[in-house]
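Shown below: structure_13.txt, with compact mmCIF, C-alpha atoms and all ligand atoms.
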```
# COMPACT_ATOMS: atom_id res chain seq x y z
CA MET A 1 73.59 96.64 153.53
CA PRO A 2 77.36 95.98 153.56
CA ASP A 3 79.52 98.31 151.51
CA LEU A 4 81.49 96.39 148.85
CA LYS A 5 83.73 99.26 147.76
CA THR A 6 87.41 98.46 147.38
CA SER A 7 90.49 100.44 146.50
CA TYR A 8 92.61 98.97 143.75
CA MET A 9 95.75 100.81 142.67
CA GLY A 10 94.30 103.98 144.17
CA ILE A 11 91.08 103.67 142.16
CA ILE A 12 87.84 103.11 144.05
CA LEU A 13 85.74 100.27 142.61
CA LYS A 14 82.11 99.75 143.62
CA ASN A 15 82.86 96.07 144.26
CA PRO A 16 85.90 93.76 144.02
CA ILE A 17 84.75 91.83 140.94
CA ILE A 18 86.77 92.51 137.81
CA VAL A 19 86.05 90.85 134.48
CA SER A 20 89.55 89.76 133.56
CA SER A 21 91.34 90.20 130.26
CA SER A 22 89.63 87.97 127.68
CA ASP A 23 87.39 88.13 124.64
CA LEU A 24 84.60 89.26 127.01
CA THR A 25 86.39 92.61 127.22
CA LEU A 26 87.46 92.90 123.60
CA SER A 27 84.68 95.14 122.27
CA LEU A 28 82.68 98.14 123.42
CA ASP A 29 79.57 95.99 123.40
CA GLY A 30 81.35 93.48 125.67
CA LEU A 31 82.36 96.24 128.08
CA LYS A 32 78.81 97.57 128.28
CA LYS A 33 77.60 94.06 129.14
CA CYS A 34 80.19 93.84 131.93
CA GLU A 35 79.05 97.18 133.34
CA ASP A 36 75.37 96.26 133.06
CA ALA A 37 76.09 92.97 134.84
CA GLY A 38 77.49 94.96 137.79
CA ALA A 39 81.25 94.35 137.53
CA GLY A 40 83.47 96.71 139.52
CA ALA A 41 85.94 97.15 136.63
CA VAL A 42 87.20 95.51 133.45
CA VAL A 43 90.63 94.54 132.18
CA LEU A 44 90.66 94.79 128.41
CA LYS A 45 91.78 91.96 126.16
CA SER A 46 95.57 92.26 125.89
CA ILE A 47 97.03 94.13 122.98
CA PHE A 48 99.74 91.89 121.64
CA GLU A 49 102.78 93.09 119.77
CA GLU A 50 101.74 90.80 116.92
CA GLN A 51 98.25 92.35 116.92
CA PHE A 52 98.20 93.00 113.20
CA ILE A 53 98.72 89.26 112.61
CA ILE A 54 95.93 88.42 115.05
CA ASP A 55 93.62 91.00 113.46
CA ALA A 56 94.33 89.69 109.95
CA ASP A 57 93.70 86.15 111.21
CA ILE A 58 97.04 84.95 109.85
CA GLN A 59 98.10 81.55 111.19
CA ALA A 60 100.72 81.72 113.92
CA ASP A 61 102.81 79.22 111.92
CA SER A 62 103.26 81.63 109.05
CA TYR A 63 104.38 84.25 111.54
CA SER A 64 107.31 82.09 112.59
CA ILE A 65 108.03 81.02 109.01
CA PHE A 66 108.70 84.62 107.99
CA PRO A 67 110.78 86.08 110.80
CA GLU A 68 112.50 88.42 108.31
CA ALA A 69 109.15 89.97 107.46
CA VAL A 70 108.49 90.53 111.14
CA ASP A 71 111.95 92.04 111.60
CA TYR A 72 111.24 94.33 108.68
CA MET A 73 107.97 95.47 110.22
CA ARG A 74 109.64 95.99 113.57
CA SER A 75 112.45 98.07 112.10
CA GLY A 76 109.93 100.19 110.18
CA GLY A 77 107.98 100.84 113.34
CA MET A 78 104.87 99.05 112.03
CA MET A 79 104.39 97.29 115.35
CA GLU A 80 104.02 100.67 117.03
CA TYR A 81 100.57 100.92 115.49
CA ALA A 82 99.29 97.66 116.98
CA PRO A 83 97.31 99.39 119.77
CA GLN A 84 95.44 101.77 117.44
CA LYS A 85 92.22 99.77 117.23
CA MET A 86 92.07 99.14 120.98
CA CYS A 87 92.88 102.79 121.70
CA ALA A 88 89.96 103.91 119.55
CA MET A 89 87.76 101.53 121.53
CA ILE A 90 89.05 102.91 124.84
CA GLU A 91 88.23 106.46 123.72
CA GLU A 92 84.68 105.40 122.84
CA ALA A 93 84.28 103.34 126.01
CA LYS A 94 85.30 106.26 128.24
CA LYS A 95 82.30 108.16 126.89
CA GLU A 96 79.88 105.26 127.26
CA ILE A 97 80.70 103.42 130.47
CA SER A 98 81.65 104.64 133.93
CA ILE A 99 83.43 101.65 135.52
CA PRO A 100 87.23 101.86 135.45
CA ILE A 101 88.95 100.52 132.35
CA ILE A 102 92.28 98.77 132.80
CA ALA A 103 94.15 98.27 129.52
CA SER A 104 96.41 95.26 129.08
CA ILE A 105 99.50 94.97 126.91
CA ASN A 106 101.84 92.13 126.00
CA CYS A 107 105.04 92.84 124.05
CA GLN A 108 108.07 90.87 122.96
CA THR A 109 110.54 93.65 122.32
CA ASP A 110 111.71 95.99 125.05
CA LYS A 111 111.14 99.21 123.11
CA LEU A 112 107.46 98.53 122.41
CA TRP A 113 106.32 98.19 126.03
CA PRO A 114 106.65 101.94 126.81
CA SER A 115 105.23 102.89 123.44
CA PHE A 116 102.09 100.76 123.90
CA ALA A 117 101.74 101.98 127.48
CA ARG A 118 101.86 105.60 126.40
CA GLN A 119 99.27 105.04 123.68
CA VAL A 120 96.69 103.44 126.00
CA GLN A 121 97.23 106.14 128.60
CA ASN A 122 96.64 108.82 125.98
CA ALA A 123 93.47 107.02 124.89
CA GLY A 124 92.11 107.42 128.43
CA ALA A 125 92.70 104.05 130.15
CA ASP A 126 92.35 104.41 133.93
CA ALA A 127 95.17 101.96 134.59
CA LEU A 128 97.44 99.55 132.82
CA GLU A 129 98.05 95.84 133.34
CA LEU A 130 101.31 94.42 131.98
CA ASN A 131 100.71 90.89 130.81
CA ILE A 132 104.30 89.69 131.16
CA SER A 133 103.92 86.07 130.19
CA MET A 134 107.50 84.84 130.29
CA LEU A 135 107.83 81.11 130.50
CA PRO A 136 111.42 80.59 131.67
CA PHE A 137 112.27 77.83 129.21
CA GLU A 138 115.72 78.91 127.99
CA LEU A 139 118.57 76.73 129.21
CA GLU A 140 121.18 79.47 129.38
CA LYS A 141 119.01 82.07 131.08
CA THR A 142 118.92 82.18 134.88
CA GLY A 143 115.91 83.01 137.01
CA ASP A 144 117.61 86.27 137.87
CA GLU A 145 117.71 87.27 134.20
CA TYR A 146 113.99 86.63 133.80
CA GLU A 147 113.29 88.65 136.90
CA LYS A 148 115.52 91.48 135.66
CA SER A 149 113.43 91.60 132.48
CA HIS A 150 110.34 92.27 134.59
CA MET A 151 112.14 95.07 136.42
CA ARG A 152 113.45 96.58 133.17
CA ILE A 153 110.01 96.59 131.52
CA LEU A 154 108.43 98.24 134.57
CA LYS A 155 111.15 100.89 134.88
CA GLU A 156 110.90 101.86 131.21
CA ILE A 157 107.11 102.06 131.38
CA ARG A 158 107.20 104.11 134.56
CA LYS A 159 109.22 106.75 132.68
CA LYS A 160 106.43 107.08 130.13
CA VAL A 161 103.13 106.81 132.01
CA SER A 162 101.60 108.23 135.16
CA ILE A 163 98.50 106.01 135.40
CA PRO A 164 98.60 103.12 137.90
CA VAL A 165 100.41 100.03 136.63
CA SER A 166 99.91 96.40 137.61
CA ILE A 167 101.81 93.31 136.51
CA LYS A 168 100.11 90.02 135.75
CA LEU A 169 102.57 87.28 136.57
CA VAL A 170 102.87 83.63 135.70
CA PRO A 171 103.56 81.25 138.60
CA GLU A 172 106.80 79.96 137.08
CA ILE A 173 108.95 82.58 138.80
CA THR A 174 111.88 81.58 140.94
CA ALA A 175 111.44 83.67 144.07
CA LEU A 176 108.06 85.28 143.76
CA PRO A 177 107.99 87.24 147.07
CA ASN A 178 111.34 88.86 146.36
CA LEU A 179 110.38 89.77 142.80
CA VAL A 180 107.04 91.24 143.90
CA TRP A 181 108.76 93.17 146.68
CA ARG A 182 111.25 94.65 144.20
CA LEU A 183 108.50 95.47 141.70
CA CYS A 184 106.61 97.35 144.42
CA GLU A 185 109.76 99.25 145.34
CA ALA A 186 109.96 100.27 141.69
CA ASN A 187 106.44 101.71 141.85
CA CYS A 188 104.33 98.83 140.63
CA ASN A 189 100.83 99.47 142.02
CA ALA A 190 99.53 95.91 142.00
CA VAL A 191 100.33 92.35 141.02
CA VAL A 192 97.85 89.92 139.49
CA LEU A 193 98.30 86.30 140.59
CA PHE A 194 98.24 84.55 138.08
CA ASN A 195 98.01 84.27 134.34
CA TRP A 196 98.04 80.82 132.75
CA PHE A 197 99.42 79.40 129.55
CA LEU A 198 97.73 77.06 127.14
CA GLU A 199 98.50 73.53 128.29
CA SER A 200 100.73 71.33 126.13
CA ASP A 201 99.32 68.03 124.98
CA ILE A 202 100.24 65.29 122.51
CA ASP A 203 97.91 63.62 120.05
CA ILE A 204 99.09 60.01 119.93
CA LYS A 205 97.13 59.27 116.73
CA THR A 206 98.61 62.03 114.62
CA LEU A 207 101.88 62.17 116.58
CA LYS A 208 101.55 65.91 116.82
CA THR A 209 101.71 68.29 119.70
CA ARG A 210 98.74 70.48 120.44
CA SER A 211 97.67 73.16 122.89
CA ILE A 212 94.60 72.83 125.02
CA LYS A 213 92.88 75.50 127.06
CA GLY A 214 94.49 75.84 130.44
CA LYS A 215 92.64 76.72 133.57
CA GLY A 216 93.38 78.97 136.47
CA ASN A 217 94.55 77.23 139.61
CA PHE A 218 92.45 78.65 142.44
CA PHE A 219 94.49 77.13 145.27
CA HIS A 220 97.80 78.22 143.82
CA SER A 221 96.51 81.76 143.57
CA LEU A 222 95.04 81.61 147.09
CA ARG A 223 98.34 80.48 148.57
CA TRP A 224 100.37 83.27 147.00
CA VAL A 225 97.82 85.97 147.71
CA ALA A 226 97.89 84.89 151.35
CA LEU A 227 101.68 84.71 151.47
CA LEU A 228 102.22 88.15 149.96
CA SER A 229 99.38 90.25 151.24
CA GLY A 230 100.38 92.84 153.82
CA ARG A 231 104.07 92.08 153.27
CA VAL A 232 104.54 94.05 150.06
CA ASP A 233 103.63 97.64 149.37
CA CYS A 234 101.15 97.09 146.56
CA ASP A 235 97.66 95.74 145.98
CA ILE A 236 97.09 92.14 145.07
CA ALA A 237 94.55 90.88 142.56
CA SER A 238 93.79 87.21 142.44
CA SER A 239 93.07 85.53 139.14
CA GLY A 240 92.30 81.90 138.51
CA GLY A 241 89.59 79.40 139.15
CA VAL A 242 87.04 81.47 141.07
CA LYS A 243 83.72 79.71 140.58
CA ASN A 244 81.37 81.11 143.24
CA ALA A 245 80.95 83.62 146.08
CA GLU A 246 82.72 81.32 148.53
CA ASP A 247 85.87 81.38 146.37
CA LEU A 248 85.61 85.17 146.09
CA ILE A 249 85.35 85.52 149.88
CA LYS A 250 88.35 83.20 150.41
CA GLN A 251 90.53 85.33 148.15
CA ILE A 252 89.58 88.51 150.03
CA LEU A 253 90.22 86.81 153.38
CA ALA A 254 93.65 85.87 152.02
CA GLY A 255 94.27 89.54 151.17
CA ALA A 256 93.12 90.20 147.60
CA SER A 257 91.84 93.73 146.95
CA VAL A 258 90.02 92.53 143.84
CA VAL A 259 89.30 89.23 142.17
CA GLN A 260 89.64 88.90 138.41
CA ILE A 261 87.33 86.34 136.87
CA CYS A 262 86.67 85.11 133.36
CA SER A 263 86.04 81.35 132.88
CA LEU A 264 83.01 81.44 135.17
CA PHE A 265 81.47 84.16 133.00
CA TYR A 266 82.26 82.21 129.85
CA GLN A 267 80.59 79.13 131.27
CA LYS A 268 77.57 80.61 133.02
CA GLY A 269 77.21 84.12 131.63
CA LEU A 270 77.80 87.57 133.08
CA GLN A 271 74.66 87.29 135.23
CA GLU A 272 76.96 85.41 137.61
CA VAL A 273 78.35 88.80 138.69
CA SER A 274 75.12 89.51 140.60
CA ASN A 275 75.19 86.06 142.22
CA LEU A 276 78.74 86.74 143.41
CA ILE A 277 77.69 90.12 144.77
CA LYS A 278 74.64 88.69 146.54
CA GLY A 279 76.70 85.85 148.01
CA LEU A 280 79.33 88.28 149.29
CA GLU A 281 76.74 90.67 150.74
CA ASN A 282 74.84 87.88 152.51
CA TRP A 283 78.00 86.44 154.01
CA MET A 284 79.17 89.87 155.20
CA ALA A 285 75.77 90.58 156.74
CA GLU A 286 75.82 87.20 158.51
CA LYS A 287 79.31 87.90 159.87
CA LYS A 288 78.36 91.50 160.70
CA TYR A 289 81.07 92.95 158.47
CA MET A 290 80.21 96.42 157.18
CA VAL A 291 83.10 96.97 154.75
CA LEU A 292 85.62 94.73 152.96
CA ASP A 293 88.47 96.06 155.09
CA ASP A 294 86.78 94.44 158.11
CA PHE A 295 87.99 91.05 156.87
CA LYS A 296 90.37 91.63 153.97
CA GLY A 297 93.64 89.81 154.64
CA GLU A 298 92.46 88.44 158.01
CA LEU A 299 93.65 84.99 156.97
CA SER A 300 96.83 86.12 155.27
CA PHE A 301 100.16 84.69 156.32
CA LYS A 302 101.04 88.03 157.93
CA LYS A 303 97.90 88.32 160.04
CA GLN A 304 97.79 84.75 161.25
CA ASP A 305 98.92 84.22 164.81
CA LEU A 306 102.52 84.00 163.69
CA SER A 307 104.62 86.57 165.46
CA PHE A 308 108.05 85.35 164.46
CA ASN A 309 111.17 87.27 165.16
CA ASP A 310 112.56 86.48 161.73
CA ILE A 311 111.73 84.50 158.65
CA GLY A 312 114.11 81.66 159.65
CA GLU A 313 111.99 81.11 162.72
CA ALA A 314 108.90 81.11 160.53
CA SER A 315 110.27 78.51 158.15
CA ALA A 316 111.37 76.30 161.05
CA PHE A 317 107.84 76.51 162.36
CA PHE A 318 106.36 75.52 159.00
CA ARG A 319 108.76 72.62 158.56
CA LYS A 320 107.76 71.25 161.93
CA GLN A 321 104.09 71.84 161.84
CA TYR A 322 102.97 71.04 158.30
CA LEU A 323 99.75 72.60 159.36
CA LYS A 324 99.82 76.02 157.80
CA THR A 325 98.41 75.27 154.42
CA TYR A 326 99.97 78.25 152.69
CA LEU A 327 103.44 76.73 152.56
C1 LIG B 1 89.43 82.99 126.09
C2 LIG B 1 90.42 83.62 127.03
C3 LIG B 1 91.21 84.67 126.61
C4 LIG B 1 92.14 85.24 127.48
N1 LIG B 1 92.91 86.29 127.05
C5 LIG B 1 93.77 86.89 127.90
C6 LIG B 1 94.52 88.01 127.48
O1 LIG B 1 94.44 88.48 126.35
N2 LIG B 1 95.36 88.56 128.40
C7 LIG B 1 95.49 88.10 129.68
O2 LIG B 1 96.25 88.68 130.46
N3 LIG B 1 94.77 87.04 130.09
C8 LIG B 1 93.93 86.42 129.25
N4 LIG B 1 93.20 85.35 129.67
C9 LIG B 1 93.39 84.85 131.06
C10 LIG B 1 92.31 85.40 132.00
O3 LIG B 1 92.33 86.81 132.06
C11 LIG B 1 92.46 84.83 133.42
O4 LIG B 1 93.65 85.32 134.00
C12 LIG B 1 92.49 83.33 133.44
O5 LIG B 1 91.50 82.81 132.58
C13 LIG B 1 92.26 82.76 134.86
O6 LIG B 1 91.02 83.18 135.39
P1 LIG B 1 89.69 82.27 135.30
O7 LIG B 1 90.00 80.97 135.98
O8 LIG B 1 88.62 83.07 135.98
O9 LIG B 1 89.39 82.07 133.85
C14 LIG B 1 92.28 84.75 128.80
C15 LIG B 1 91.45 83.69 129.22
C16 LIG B 1 90.54 83.12 128.37
C17 LIG B 1 89.68 81.98 128.85
```
The structure in this file should be written as structure tokens.
Ligand SMILES: Cc1cc2nc3c(=O)[nH]c(=O)nc-3n(C[C@H](O)[C@H](O)[C@H](O)COP(=O)(O)O)c2cc1C
Amino acid sequence: MPDLKTSYMGIILKNPIIVSSSDLTLSLDGLKKCEDAGAGAVVLKSIFEEQFIIDADIQADSYSIFPEAVDYMRSGGMMEYAPQKMCAMIEEAKKEISIPIIASINCQTDKLWPSFARQVQNAGADALELNISMLPFELEKTGDEYEKSHMRILKEIRKKVSIPVSIKLVPEITALPNLVWRLCEANCNAVVLFNWFLESDIDIKTLKTRSIKGKGNFFHSLRWVALLSGRVDCDIASSGGVKNAEDLIKQILAGASVVQICSLFYQKGLQEVSNLIKGLENWMAEKKYMVLDDFKGELSFKKQDLSFNDIGEASAFFRKQYLKTYL
């Protein structure tokens, strides 16, 4: 029987399937179901800076109507307590389940990132995922400034925690390889490619804007996993649009150490974890692969038959050929 173990941020997982951050991983009961289904690890639902508003079920509109109230709470340190409920859950979960627990945080203000990180580490999280969802929409802000924010957040968090840290990125980043390379240099243990935003839509009857559920773009993720794997000194997790074992295998061939999945489990239930595992095992047995490392990254940009002297030569090749699908 093939061995599905994988190393992710220095933690050994029994298989590469992670239930990604979502309501499936919001409660202890949810985490137990993920473990029972056979997942290799879980990423908890993100703790948002505005968690107390989410918990109280206050409409987002009223949050923006009363910015002074929010400022007041920030200055009084109220936001510092946002992770309390999740931290209590982590403490409980560490006693009840044995798969690794990756906490996820999402802050607006610089000073809260390290504080949240510290709290989840103290609660016992095995690792931390930074859900840095920055849509670069400001006219005056350059791509470099957005990228510097990522670096700043990571550096501040690194001063406060010793557990492994990953960063979940959105695709709207100017020069992704360079940013990921710099994040790895600054001790980021993994990147997750990618998060998505709610999609914007317009209701032409009511003349109002609305948000609809976005979906992960499998091919976008596959391309960037393949382009980065083996070229940066950190692990890569793919996230987005994985629907079956074939998709899972493709992401590992591209170089992913783990694959984070959620919509599939929403649609078809967590029993899909065992179908993914069976599909992966059968394919490995057919190909005579004993361990994931036998094929992980084999179809990455780096491992393809492209022995260029420099990147200029590589890009000339791609311009001419149009055949390497990753570019
Ligand atoms: C209902 C729902 C809630 C989610 N909540 C979070 C969240 O709190 N933090 C986060 O980083 N990603 C969140 N995500 C994104 C997923 O973790 C995942 O990255 C994304 O759905 C793409 O993967 P998929 O195509 O397998 O769903 C959420 C997704 C869904 C569907």
Test item: axis-aligned box, all listed atoms of ligand LIG 1 (chain B), 4 Å on each side, centre and edges in Å rounded to one decimal, as JSON:
```
{"center_x": 92.4, "center_y": 84.8, "center_z": 131.0, "size_x": 15.6, "size_y": 15.7, "size_z": 17.9}
```
For the contact check between chain A and ligand LIG 1 (chain B), emit one row per residue of chain A within 10 Å, containing the shortest atom pair and the distance in Å rounded to one decimal, counting all atoms listed in the file, chain then rising number order, as CSV.
```
residue,atom,partner,partner_atom,distance
A:Ile18,CA,B:LIG1,O8,9.8
A:Val19,CA,B:LIG1,O3,7.8
A:Ser20,CA,B:LIG1,O3,4.3
A:Ser21,CA,B:LIG1,O3,4.0
A:Ser22,CA,B:LIG1,C4,3.7
A:Asp23,CA,B:LIG1,C3,5.5
A:Leu24,CA,B:LIG1,C1,8.0
A:Thr25,CA,B:LIG1,N1,9.1
A:Leu26,CA,B:LIG1,O1,8.7
A:Val43,CA,B:LIG1,O3,7.9
A:Leu44,CA,B:LIG1,O1,7.6
A:Lys45,CA,B:LIG1,O1,4.4
A:Ser46,CA,B:LIG1,O1,4.0
A:Ile47,CA,B:LIG1,O1,7.1
A:Phe48,CA,B:LIG1,O1,7.9
A:Ala103,CA,B:LIG1,N2,9.8
A:Ser104,CA,B:LIG1,O2,6.7
A:Ile105,CA,B:LIG1,N2,7.8
A:Asn106,CA,B:LIG1,N2,7.8
A:Glu129,CA,B:LIG1,O2,7.9
A:Leu130,CA,B:LIG1,O2,7.8
A:Asn131,CA,B:LIG1,O2,5.0
A:Ile132,CA,B:LIG1,O2,8.1
A:Ser133,CA,B:LIG1,O2,8.1
A:Ile167,CA,B:LIG1,O2,9.4
A:Lys168,CA,B:LIG1,O2,6.7
A:Leu169,CA,B:LIG1,O2,8.9
A:Val170,CA,B:LIG1,O4,9.5
A:Val192,CA,B:LIG1,O4,8.3
A:Leu193,CA,B:LIG1,O4,8.1
A:Phe194,CA,B:LIG1,O4,6.2
A:Asn195,CA,B:LIG1,O4,4.5
A:Trp196,CA,B:LIG1,C12,6.1
A:Phe197,CA,B:LIG1,C9,8.3
A:Leu198,CA,B:LIG1,C15,9.4
A:Lys213,CA,B:LIG1,C17,7.4
A:Gly214,CA,B:LIG1,O5,7.9
A:Lys215,CA,B:LIG1,O7,5.6
A:Gly216,CA,B:LIG1,O7,4.0
A:Asn217,CA,B:LIG1,O7,6.9
A:Phe218,CA,B:LIG1,O7,7.3
A:Ser221,CA,B:LIG1,C13,9.7
A:Ser238,CA,B:LIG1,O6,8.6
A:Ser239,CA,B:LIG1,O6,4.9
A:Gly240,CA,B:LIG1,O7,3.5
A:Gly241,CA,B:LIG1,O7,3.6
A:Val242,CA,B:LIG1,O8,5.6
A:Lys243,CA,B:LIG1,O8,7.5
A:Val259,CA,B:LIG1,O8,8.8
A:Gln260,CA,B:LIG1,O8,6.4
A:Ile261,CA,B:LIG1,O8,3.6
A:Cys262,CA,B:LIG1,O8,3.9
A:Ser263,CA,B:LIG1,O9,3.6
A:Leu264,CA,B:LIG1,O8,5.9
A:Phe265,CA,B:LIG1,O8,7.8
A:Tyr266,CA,B:LIG1,C17,7.5
A:Gln267,CA,B:LIG1,O9,9.6
```
Just to confirm, what's the straight-line distance from CA of Pro171 in chain A to CA of Ser149 in chain A in Å (one decimal)?
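Between these atoms lies a distance of 15.6 Å.
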Could you name the residues that touch Ser162 in chain A at 10 Å or less, counting all atoms listed in the file, but leaving out those on the same chain fewer than 3 positions away, as JSON, numbers by chain?
{"A": [117, 118, 121, 127, 128, 157, 158, 159, 165]}
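The list of residues with at least one atom within 9 Å of Glu49 in chain A, based on only C-alpha atoms and without residues fewer than 5 positions apart in the same chain, reads A:Met79, A:Glu80, A:Ala82, A:Pro83, A:Ile105, A:Asn106, A:Cys107, A:Gln108, A:Thr109, A:Leu112, A:Trp113, A:Phe116.
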Please produce a file of the residues just selected, as a compact mmCIF listing (two decimals), in the frame of the given file, where the atoms kept are C-alpha atoms.
```
# COMPACT_ATOMS: atom_id res chain seq x y z
CA MET A 79 104.39 97.29 115.35
CA GLU A 80 104.02 100.67 117.03
CA ALA A 82 99.29 97.66 116.98
CA PRO A 83 97.31 99.39 119.77
CA ILE A 105 99.50 94.97 126.91
CA ASN A 106 101.84 92.13 126.00
CA CYS A 107 105.04 92.84 124.05
CA GLN A 108 108.07 90.87 122.96
CA THR A 109 110.54 93.65 122.32
CA LEU A 112 107.46 98.53 122.41
CA TRP A 113 106.32 98.19 126.03
CA PHE A 116 102.09 100.76 123.90
```
Compile the contact shell of Glu172 in chain A as a list in words: residues with an atom at most 9 Å away, counting all atoms listed in the file, same-chain residues fewer than 6 positions apart removed.
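The neighbour list is Met134, Leu135 and Pro136 of chain A.
Pairwise distance (CA of Ala186 in chain A, CA of Asp144 in chain A) equals 16.4 Å.
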Report as a list of chain:residue names all protein, DNA and RNA residues lying within 10 Å of Asp294 in chain A, evaluated on all atoms listed in the file, omitting residues in the same chain fewer than 5 positions from it.
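So the residues in contact are A:Leu253, A:Met284, A:Lys288, A:Tyr289.
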Nearest residue to Gln119 in chain A from the set A:Glu91, A:Asp247, A:Glu96, A:Glu35 (distances using all atoms listed in the file)
A:Glu91
Show me the residues close to (114.2, 88.3, 138.1) - anything with an atom within 9 Å, counting all atoms listed in the file - and format the list as a PyMOL selection string.
chain A and resi 142-151+173-176+178-179
Using only C-alpha atoms, determine which residues lie at most 9 Å from Lys94 in chain A, disregarding the query and same-chain residues fewer than 5 positions distant; provide the list as a list in words.
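The filter keeps Met89, Ile99, Pro100, Ile101, Ala123, Gly124 and Ala125 of chain A.
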Correct to one decimal, the distance CA of Glu286 in chain A-CA of Ile12 in chain A is 24.6 Å
